[in-house]
Every structure is written in structure tokens, then in C-alpha cells.
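Asks: Just dropping this structure here.
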Amino acid sequence: MSQGVTTRPEGSGQPLSEAYDTALLDLDGVVYAGGSAIVHAVDSLAEARAGGMHLAYVTNNALRTPDAVAEHLTELGIPTGADDVITSAQAVARLISEQVPAGSRVLVIGGEGLRVALRERGLTPVESADDDPAAVVQGYGGPELTWGRFAEASYAVARGLPWFASNTDLTIPSGRGIAPGNGAAVEVVRIATGAEPQVAGKPLPPMHRETILRTGAKRPLVVGDRLDTDIEGAFNGEVDSLLVLTGVTDGRQLLAAPPQHRPTYVDADLRGLLTGQPEVTEDGAGFRCGGWTATAGADQLELAGEGDALDGLRALCAAAWTAAGDGSCELDGGKALARLGL
Ligand SMILES: [Mg+2]
């Protein structure tokens, strides 16, 4: 990773699947969406793995167990073992186990993934604030979680017990739209108690530490679709990252990214693992990538040339991020992105 503030996407002469030993892949918006595999994901992952890259899947969703996630991926045509799935439930269970006596009871507001992860660390999940818990943990519980569970958490937190959250994603995508995520549930208890939880999930260090401990990765590449979880998590862990555009991030958000949200590489989808990455160079005319040249004008980003749309986006990133320095670029990139069809 380059020193200082990232001001342009990096190039790579080698395919990323050879330059890095392990891909730490986000799931939703990267591997699948709404239960189905994302275009090119199955073939690209098979090829990366055949070439020797270790694939691990890293999710903030604490509801499903690693077994259930691995089964889902395998059904989609991506053969995966439970050991290759790392969840925020596992990260928060380790965090709790470091702060309470061995074998402690933990009040669980959440689903099966959280209970399994606690047992794995020798902790005993309990359901009531009156069951003598040593800590409280909240993870996504799915649509069946009832309001009474937040009351249970609030009673225990108000007594001064240490409070943990698997993650604080405010929303979670569902087949019917955007639903409240664990972060919204955590807010309910925060409002009721005035307390602050310790959080494990992306982009925070406990989650990254869990992925490294479980995968043994020496040179990991974080692969994600979201700037404020996947890419910021890689930034906090000081490892390289690949942003794919198959999920929630669009060109406009990418150009406006502050330093901690700037990925090392940008590509359309997981085929980006199998190729090198083009350099963005700078000369008197501006930032060049492929057939494109990008510059920062007085109030908007300018783009000239022709070629592959992703090269145009990489050139625009360099112009925008350089203009923004350690802030967020406020120049309008709308016209330039429209030229690229992005
Ligand atoms: Mg995602």
C-alpha cells in the first residue's frame, strides 16, 4: 500500500489473483444480490481459485451461521466451506470473550449466527436480563425479532453491563426494498439507555482482525461494493482493496470519496480479479488512463478521449481525488460520468 493519502487508483502488472494471496470478499452486491449470483461472479471466483488465490467471505450479517452462508454459496455454484466464511458474529464473540470471565453468560438480542459464535468462544447465550449475564450483545435478528427484545437489552445495559454490537449497518437490503438493519436496532437501545456499545463489524478493526486470524492471509485484498464498510475497513486495516460496481456504489459517490473511502483498485465486477490493472499517469494535459484524459476544471470534472469506460472512471478518480486532497471532491462529475455511461 502506498504511503500517505491515496490520490489515484493504482496499477498492477500482475493479475490481482496472483498479486494477493487471499481475497476477503464481501457478499451482498459483490458475490450475490437478492439471493442470486451476480454476473461473472461464479466463473471469476472459480478461475481465481484455480490460480491459487484463497477466497474468504466476510459479512457484517450476524444472523446466518457460517454453515448456512457456505451452503448458500455452494448452491450458487461457488464451492465454499464454513471455515471460509467470517461473520461479524464471530468478531464480536471474540471481543466479548476478551472482556468477560471464561464461560460467562451473555444476553443475546439477535439470531442463530450470534448464538453459535458465542458458544464457539465458550460463552453461554441467555435470553433474559434476569439470567445473570455478564454482557449484552446485539446482532441482526431478522424480521421476527420482537420489540420486547430491545426492552430486555435496555434493562441489562441500564444496569451497567458491557454492551456489544456485531455491526451498526443502519439498513439491510431485502427482496422488497430497504429494511432496518442492526444499526437501527442498536439505536433503539442507545436512545433508551444513553449508553454506547462496542462494535465489531466492518469498517472497524475487530472484524478485520478476525478475518486475518481465521484466514492467515499474508497479502490480503479486500473486495467490496461499499465505501463506508468494505473500503474503509481495508483502510483501517492498512490493506489494499478492490471496489466493484455491482453493488451500492455509483461513480458519483466514488469521485466524492474522502481518503478513507478510496479503494486501491476499481473494476466493474469480479472479472477484475483476473486481470492486471492499468496505470493512471499524469502529464501536462491531465490524468491519463487508457484512451481518456481527465482534468479538474473550475466547477466540474472534464473528460476527453475515448475507450473503455472503466479507464475513464479511473482517470476521473485521479483528477477528483487529487483536487480534493484529504477532503471530499465537490466538483460536478455528472457530465463526465454520463459520457462513460456510468
Ligand atoms: Mg456489500
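Ligands are numbered from 1 in the order shown, chains are lettered A, B, ... in the order of the C-alpha cells, and residues start at 1 in each chain.
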7 Å from ligand 1 is the threshold here; counting only C-alpha atoms and all ligand atoms, which polymer residues fall inside it? Answer as a list in words.

Replies: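 Result of the 7 Å neighbour search around ligand 1: Asp26, Leu27, Asp28, Gly29, Val30, Gly224, Asp225, Arg226 and Gly247 of chain A.
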
Asks: How would you write, as number ranges by chain, the set of residues in segment 209-332 of chain A that DSSP gives as alpha helix (DSSP H)?

Replies: A: 209-215, 232-237, 251-255, 309-324

Asks: Might you pull out every residue within 7 Å of Ala184 of chain A, with only C-alpha atoms counted and same-chain residues fewer than 4 positions away left off, and present them as an mmCIF file with C-alpha atoms, in the first residue's frame?

Replies:
```cif
data_model
loop_
_atom_site.group_PDB
_atom_site.id
_atom_site.type_symbol
_atom_site.label_atom_id
_atom_site.label_comp_id
_atom_site.auth_asym_id
_atom_site.auth_seq_id
_atom_site.Cartn_x
_atom_site.Cartn_y
_atom_site.Cartn_z
ATOM 1 C CA LEU A 170 -28.423 1.066 9.606
ATOM 2 C CA PRO A 180 -33.880 -1.561 9.121
ATOM 3 C CA VAL A 188 -33.317 1.905 19.826
#
```

Asks: Quick one: which segment 150-228 of chain A residues come within 10 Å of segment 260-264 of chain A, and what is the nearest atom pair for each with the distance in Å to one decimal, counting only C-alpha atoms, rows ordered by chain and ascending number, as JSON lines?

Replies:
```
{"residue": "A:Leu221", "atom": "CA", "partner": "A:Thr264", "partner_atom": "CA", "distance": 9.4}
{"residue": "A:Val222", "atom": "CA", "partner": "A:Pro263", "partner_atom": "CA", "distance": 9.3}
{"residue": "A:Val223", "atom": "CA", "partner": "A:Pro263", "partner_atom": "CA", "distance": 9.3}
{"residue": "A:Gly224", "atom": "CA", "partner": "A:Pro263", "partner_atom": "CA", "distance": 9.3}
{"residue": "A:Arg226", "atom": "CA", "partner": "A:His261", "partner_atom": "CA", "distance": 8.8}
{"residue": "A:Leu227", "atom": "CA", "partner": "A:His261", "partner_atom": "CA", "distance": 5.1}
{"residue": "A:Asp228", "atom": "CA", "partner": "A:His261", "partner_atom": "CA", "distance": 6.3}
```

Asks: Store the residues picked out above, limited to C-alpha atoms, as a compact mmCIF listing (two decimals), in the first residue's frame.

Replies:
```
# COMPACT_ATOMS: atom_id res chain seq x y z
CA LEU A 221 -7.10 -7.95 -0.93
CA VAL A 222 -10.41 -6.67 0.40
CA VAL A 223 -13.10 -6.85 -2.31
CA GLY A 224 -16.29 -4.89 -1.70
CA ARG A 226 -19.48 -0.31 -0.25
CA LEU A 227 -17.18 2.58 0.57
CA ASP A 228 -18.06 3.14 4.24
```

Asks: Between atom CA of Thr124 of chain A and atom CA of Asp84 of chain A, measure the distance and give it in Å to one decimal.

Replies: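 So the answer is 24.4 Å.
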
Asks: Nearest to Arg339 of chain A among A:Lys202, A:Glu302, A:Ala268, A:Ile109, with distances taken over only C-alpha atoms: which residue is it?

Replies: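 Answer, going by the shortest atom-to-atom distance: A:Glu302.
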
Asks: Select, from A:Ala62, A:Leu255, A:Ala134, A:Ile178, the residue with the minimum atom-to-atom distance to Val157 of chain A, counting only C-alpha atoms.

Replies: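 That would be A:Ala134, the residue with the smallest distance to Val157 of chain A.
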
Asks: Which neighbours of Val116 of chain A fall inside 12 Å, counting only C-alpha atoms, when residues of the same chain fewer than 6 positions from it are skipped, and could you give them as a list in words?

Replies: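 So, after excluding close chain neighbours, the residues are Ala62, Leu63, Arg64, Thr65, Pro66, Asp67, Ala68, Thr87, Ala89, Gln90, Val92, Ala93, Val108, Gly110, Gly122, Leu123, Thr124 and Pro125 of chain A.
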
Asks: Find the residue from A:Ala129, A:Ala257, A:Ala304, A:Leu204 that sits nearest to Gly237 of chain A; use only C-alpha atoms when measuring.

Replies: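 Residue with the minimum atom-to-atom distance to Gly237 of chain A: A:Leu204.
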
Asks: If you count only C-alpha atoms, which residues fall within 12 Å of Asn182 of chain A, apart from same-chain ones fewer than 6 positions away, as a PyMOL selection string?

Replies: chain A and resi 60-63+88-89+109-111+137-143+145+150+164-173+188-189+199+201

Asks: Emit the selected residues as a PDB file, in the first residue's frame, including C-alpha atoms.

Replies:
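Result file is result.pdb:
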```pdb
ATOM      1  CA  ASN A  60     -21.419  -7.998   8.641  1.00  0.00           C
ATOM      2  CA  ASN A  61     -24.631 -10.026   8.771  1.00  0.00           C
ATOM      3  CA  ALA A  62     -24.673 -11.826  12.134  1.00  0.00           C
ATOM      4  CA  LEU A  63     -27.941 -13.686  11.566  1.00  0.00           C
ATOM      5  CA  SER A  88     -19.390 -10.076  12.466  1.00  0.00           C
ATOM      6  CA  ALA A  89     -20.919 -12.510  14.986  1.00  0.00           C
ATOM      7  CA  ILE A 109     -30.546  -9.974  21.091  1.00  0.00           C
ATOM      8  CA  GLY A 110     -30.198 -11.486  17.644  1.00  0.00           C
ATOM      9  CA  GLY A 111     -30.219 -14.749  15.738  1.00  0.00           C
ATOM     10  CA  VAL A 137     -24.792  -8.432  22.561  1.00  0.00           C
ATOM     11  CA  GLN A 138     -26.937  -7.234  19.701  1.00  0.00           C
ATOM     12  CA  GLY A 139     -26.830  -8.630  16.151  1.00  0.00           C
ATOM     13  CA  TYR A 140     -29.261  -8.614  13.255  1.00  0.00           C
ATOM     14  CA  GLY A 141     -32.227 -10.754  14.282  1.00  0.00           C
ATOM     15  CA  GLY A 142     -34.275 -10.765  11.093  1.00  0.00           C
ATOM     16  CA  PRO A 143     -37.893  -9.673  10.753  1.00  0.00           C
ATOM     17  CA  LEU A 145     -37.178 -10.064  16.277  1.00  0.00           C
ATOM     18  CA  PHE A 150     -34.974  -4.331  22.849  1.00  0.00           C
ATOM     19  CA  PHE A 164     -21.643  -5.072  22.323  1.00  0.00           C
ATOM     20  CA  ALA A 165     -22.967  -4.866  18.763  1.00  0.00           C
ATOM     21  CA  SER A 166     -21.973  -7.148  15.903  1.00  0.00           C
ATOM     22  CA  ASN A 167     -22.240  -4.217  13.479  1.00  0.00           C
ATOM     23  CA  THR A 168     -24.073  -0.932  13.050  1.00  0.00           C
ATOM     24  CA  ASP A 169     -25.271  -1.045   9.428  1.00  0.00           C
ATOM     25  CA  LEU A 170     -28.423   1.066   9.606  1.00  0.00           C
ATOM     26  CA  THR A 171     -30.110  -0.744   6.718  1.00  0.00           C
ATOM     27  CA  ILE A 172     -30.165  -4.183   5.154  1.00  0.00           C
ATOM     28  CA  PRO A 173     -31.288  -4.913   1.590  1.00  0.00           C
ATOM     29  CA  VAL A 188     -33.317   1.905  19.826  1.00  0.00           C
ATOM     30  CA  VAL A 189     -31.329   0.673  22.831  1.00  0.00           C
ATOM     31  CA  VAL A 199     -18.891  -2.514  17.806  1.00  0.00           C
ATOM     32  CA  GLY A 201     -18.204  -5.215  12.296  1.00  0.00           C
TER      33      GLY A 201
END
```

Asks: Which distance in Å separates atom CA of Leu273 of chain A and atom CA of Ala318 of chain A, to one decimal?

Replies: 21.0 Å

Asks: Running DSSP on the backbone, which parts of segment 106-313 of chain A land in strand (DSSP E or B), as a VMD selection string?

Replies: chain A and resid 106 to 109 124 to 126 135 to 138 163 to 165 171 to 174 177 to 180 198 to 199 220 to 224 240 to 244 265 to 267 277 281 to 283 286 to 289 292 to 296 300 to 305

Asks: Would you mind exporting C-alpha atoms of the selected residues as a tab-separated table (two decimals), in the first residue's frame?

Replies:
```tsv
chain	number	residue	atom	x	y	z
A	106	VAL	CA	-24.23	-13.36	27.52
A	107	LEU	CA	-27.67	-11.88	26.85
A	108	VAL	CA	-28.33	-12.29	23.12
A	109	ILE	CA	-30.55	-9.97	21.09
A	124	THR	CA	-23.30	-19.24	27.16
A	125	PRO	CA	-26.10	-17.41	25.33
A	126	VAL	CA	-29.06	-16.47	27.56
A	135	ALA	CA	-22.57	-8.81	28.90
A	136	VAL	CA	-25.21	-7.92	26.31
A	137	VAL	CA	-24.79	-8.43	22.56
A	138	GLN	CA	-26.94	-7.23	19.70
A	163	TRP	CA	-22.86	-3.79	25.69
A	164	PHE	CA	-21.64	-5.07	22.32
A	165	ALA	CA	-22.97	-4.87	18.76
A	171	THR	CA	-30.11	-0.74	6.72
A	172	ILE	CA	-30.17	-4.18	5.15
A	173	PRO	CA	-31.29	-4.91	1.59
A	174	SER	CA	-34.23	-7.28	1.21
A	177	GLY	CA	-36.66	-2.93	-0.54
A	178	ILE	CA	-34.50	-1.48	2.23
A	179	ALA	CA	-35.22	-2.78	5.74
A	180	PRO	CA	-33.88	-1.56	9.12
A	198	GLN	CA	-18.56	-1.61	21.49
A	199	VAL	CA	-18.89	-2.51	17.81
A	220	PRO	CA	-4.96	-9.89	1.51
A	221	LEU	CA	-7.10	-7.95	-0.93
A	222	VAL	CA	-10.41	-6.67	0.40
A	223	VAL	CA	-13.10	-6.85	-2.31
A	224	GLY	CA	-16.29	-4.89	-1.70
A	240	ASP	CA	-5.35	-2.94	-0.33
A	241	SER	CA	-8.88	-3.01	-1.70
A	242	LEU	CA	-10.81	-3.53	-4.91
A	243	LEU	CA	-14.13	-1.75	-5.38
A	244	VAL	CA	-16.58	-3.45	-7.73
A	265	TYR	CA	-8.38	-0.52	-7.49
A	266	VAL	CA	-11.74	-0.04	-9.23
A	267	ASP	CA	-13.37	-2.51	-11.58
A	277	GLN	CA	-4.95	-3.00	-13.52
A	281	THR	CA	-0.42	8.61	-15.37
A	282	GLU	CA	-0.18	12.37	-15.10
A	283	ASP	CA	1.26	14.83	-17.59
A	286	GLY	CA	-4.14	15.86	-17.09
A	287	PHE	CA	-4.60	12.35	-15.74
A	288	ARG	CA	-4.49	9.64	-18.40
A	289	CYS	CA	-5.81	6.11	-18.32
A	292	TRP	CA	-9.02	9.00	-21.64
A	293	THR	CA	-7.68	12.22	-20.12
A	294	ALA	CA	-9.36	13.75	-17.05
A	295	THR	CA	-8.83	17.17	-15.53
A	296	ALA	CA	-10.33	19.21	-12.72
A	300	GLN	CA	-16.62	20.42	-12.85
A	301	LEU	CA	-14.52	17.42	-13.84
A	302	GLU	CA	-13.62	17.33	-17.54
A	303	LEU	CA	-13.05	14.22	-19.61
A	304	ALA	CA	-11.63	13.92	-23.13
A	305	GLY	CA	-10.83	10.93	-25.30
```

Asks: Do you know which residues are at most 9 Å from Gly35 of chain A counting only C-alpha atoms, after dropping those on the same chain fewer than 5 positions away, and could you put them as a list in words?

Replies: Asp28, His72, Leu76 and Gly175 of chain A

Asks: Take the residues just selected and output them with C-alpha atoms as a CSV table (one decimal), in the first residue's frame.

Replies:
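After the write, out_28.csv holds the following:
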```
chain,number,residue,atom,x,y,z
A,28,ASP,CA,-24.1,-8.7,-0.9
A,72,HIS,CA,-25.9,-20.8,0.0
A,76,LEU,CA,-25.0,-20.8,-6.3
A,175,GLY,CA,-36.0,-8.6,-1.8
```

Asks: Given the choices A:Val69, A:Ala217, A:Ala156, A:Ala319, which gets closest to Ile86 of chain A if the distance is worked out from only C-alpha atoms?

Replies: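 Looking only at the distances to Ile86 of chain A, the closest residue turns out to be A:Val69.
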
Asks: To one decimal place, how far is atom CA of Thr6 of chain A from atom CA of Asp326 of chain A in Å?

Replies: 8.7 Å
